[in-house]
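K.L.:
The structure is given below, and queries will be raised subsequently.
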Amino acid sequence: MAEQARDTEFTEYLASRSGWLRRVAYLLCGDWHRADDLVQECATKLYVNWSRAGRVENLDGYARRVLVNTFLSEQRSSWWRRTTRTAAPVDVASVVADLDARLDLRQALAALPPKQRATVVLRYYCDLTVDQTADAMRCSSGNVKSQTSRALATLRTTLTPRPTTAERTP
């Protein structure tokens, strides 16, 4: 009976939060198919450790930490480097008013190194504080600040429109 209650509780949690986990995973990796794989691996890890996850105060924070650690761990493995495609098509789930700007942002985000991308996603998409982000990534607050600073500088440079030749000449 206890195992059935555990399975029901896990299923209800995952059904309610899988969309959110998928969006966070997409922002981390930039590919919907890979995001689905990350969420699946995260769900497996959550299920195996569900008794521990059930005792934490912030279950969403725990799930997010598992997802980010899974993403960062995958980035370090040689399997990921061998199977990565260079020009993956961009999947768009819905119509957006400024599609070009959104695509530019996604490309710029995808160009960031994994830890910088993770800090930007956690800080600005998940709206975590520096300390919460450091806790989720298991690093120091100073590391989060420097990674975020570097990432934002790169994003500013990448996303700043460059004047065309017609705009430069008076």
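Chain labels follow the order of the structure tokens: the first chain is A, the next B, and so on; residue numbering restarts at 1 in every chain, and ligands are counted from 1 in their shown order.
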Return as a Markdown table the residues of range 60-79 of chain A lying at most 12 Å from range 13-23 of chain A, together with the closest atom-to-atom pair for each and the distance in Å to one decimal, counting only C-alpha atoms, with rows in chain order and ascending residue number.

P.N.:
| residue | atom | partner | partner_atom | distance |
| --- | --- | --- | --- | --- |
| A:Asp60 | CA | A:Arg17 | CA | 8.1 |
| A:Gly61 | CA | A:Leu21 | CA | 10.8 |
| A:Tyr62 | CA | A:Leu21 | CA | 11.5 |
| A:Ala63 | CA | A:Leu21 | CA | 8.1 |
| A:Arg64 | CA | A:Leu21 | CA | 7.3 |
| A:Arg65 | CA | A:Leu21 | CA | 10.7 |
| A:Val66 | CA | A:Leu21 | CA | 10.4 |
| A:Leu67 | CA | A:Leu21 | CA | 7.7 |
| A:Val68 | CA | A:Leu21 | CA | 10.1 |

K.L.:
Write a file of the selected residues as a short mmCIF file (atom, residue, chain, number, x, y, z; two decimals), in the first residue's frame, keeping N, CA, C and O atoms.

P.N.:
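Contents of out-v3.cif, freshly written:
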data_model
loop_
_atom_site.label_atom_id
_atom_site.label_comp_id
_atom_site.auth_asym_id
_atom_site.auth_seq_id
_atom_site.Cartn_x
_atom_site.Cartn_y
_atom_site.Cartn_z
N ASP A 60 10.02 21.79 -5.64
CA ASP A 60 10.36 22.35 -6.95
C ASP A 60 11.85 22.70 -7.02
O ASP A 60 12.50 22.48 -8.03
N GLY A 61 12.38 23.24 -5.94
CA GLY A 61 13.81 23.55 -5.89
C GLY A 61 14.66 22.30 -5.99
O GLY A 61 15.69 22.28 -6.66
N TYR A 62 14.23 21.25 -5.34
CA TYR A 62 14.94 19.97 -5.39
C TYR A 62 14.93 19.42 -6.81
O TYR A 62 15.97 19.02 -7.35
N ALA A 63 13.75 19.46 -7.45
CA ALA A 63 13.63 18.96 -8.83
C ALA A 63 14.47 19.81 -9.78
O ALA A 63 15.13 19.28 -10.69
N ARG A 64 14.46 21.11 -9.57
CA ARG A 64 15.26 22.01 -10.42
C ARG A 64 16.74 21.71 -10.26
O ARG A 64 17.49 21.68 -11.24
N ARG A 65 17.17 21.46 -9.03
CA ARG A 65 18.58 21.14 -8.79
C ARG A 65 18.96 19.84 -9.50
O ARG A 65 20.02 19.75 -10.12
N VAL A 66 18.09 18.84 -9.42
CA VAL A 66 18.36 17.57 -10.11
C VAL A 66 18.46 17.82 -11.62
O VAL A 66 19.36 17.29 -12.28
N LEU A 67 17.57 18.63 -12.17
CA LEU A 67 17.58 18.93 -13.60
C LEU A 67 18.86 19.64 -14.00
O LEU A 67 19.52 19.27 -14.98
N VAL A 68 19.25 20.67 -13.27
CA VAL A 68 20.47 21.43 -13.60
C VAL A 68 21.70 20.54 -13.46
O VAL A 68 22.58 20.56 -14.33
#

K.L.:
Could you give me, as an MDAnalysis selection string, the residues within 7 Å of range 135-137 of chain A, counting only C-alpha atoms and dropping anything in the same chain fewer than 3 positions from it?

P.N.:
chainID A and resid 65 69 131:132

K.L.:
For Thr158 in chain A, please output as a list in words all residues within 9 Å (counting only C-alpha atoms; exclusion window: fewer than 3 positions along the same chain).

P.N.:
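Neighbouring residues, sequence-local ones excluded: Asp104, Leu105, Ala108, Ala153, Thr154, Leu155 and Pro161 of chain A.
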
K.L.:
Take the residues from that selection and put them in a file with N, CA and C atoms, as a short mmCIF file (atom, residue, chain, number, x, y, z; two decimals), in the first residue's frame.

P.N.:
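Saved to again.cif:
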data_model
loop_
_atom_site.label_atom_id
_atom_site.label_comp_id
_atom_site.auth_asym_id
_atom_site.auth_seq_id
_atom_site.Cartn_x
_atom_site.Cartn_y
_atom_site.Cartn_z
N ASP A 104 16.68 35.23 -31.74
CA ASP A 104 18.01 35.78 -31.47
C ASP A 104 18.43 35.48 -30.04
N LEU A 105 17.52 35.66 -29.10
CA LEU A 105 17.83 35.39 -27.70
C LEU A 105 18.14 33.92 -27.49
N ALA A 108 21.59 33.23 -28.86
CA ALA A 108 22.61 33.81 -27.98
C ALA A 108 22.74 32.99 -26.70
N ALA A 153 27.32 40.00 -20.19
CA ALA A 153 28.19 40.77 -21.09
C ALA A 153 28.20 40.15 -22.49
N THR A 154 28.28 38.84 -22.55
CA THR A 154 28.26 38.15 -23.84
C THR A 154 26.91 38.34 -24.53
N LEU A 155 25.82 38.21 -23.77
CA LEU A 155 24.50 38.40 -24.35
C LEU A 155 24.32 39.82 -24.87
N PRO A 161 22.31 45.43 -31.69
CA PRO A 161 22.28 45.56 -33.16
C PRO A 161 23.51 46.33 -33.65
#

K.L.:
How far is it from CA of Glu74 in chain A to CA of Arg6 in chain A, in Å with one decimal?

P.N.:
28.2 Å

K.L.:
Between A:Thr44, A:Thr119, A:Asn58, A:Gln75, which one has atoms that come closest to Ser140 in chain A, using only C-alpha atoms?

P.N.:
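Closest residue, counting only C-alpha atoms: A:Thr119.
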
K.L.:
Please compute the CA of Thr148 in chain A-CA of Gln116 in chain A distance, one decimal, in Å.

P.N.:
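Answer for the CA of Thr148 in chain A to CA of Gln116 in chain A separation: 6.1 Å.
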
K.L.:
One decimal, Å: what's the distance from CA of Leu38 in chain A over to CA of Ala25 in chain A, could you say?

P.N.:
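CA of Ala25 in chain A lies 6.5 Å from CA of Leu38 in chain A.
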
K.L.:
Return the single residue from A:Ala35, A:Val121, A:Leu27, A:Leu59 that is closest to Phe10 in chain A, with distances computed using only C-alpha atoms.

P.N.:
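Distance minimum relative to Phe10 in chain A lands on A:Leu59.
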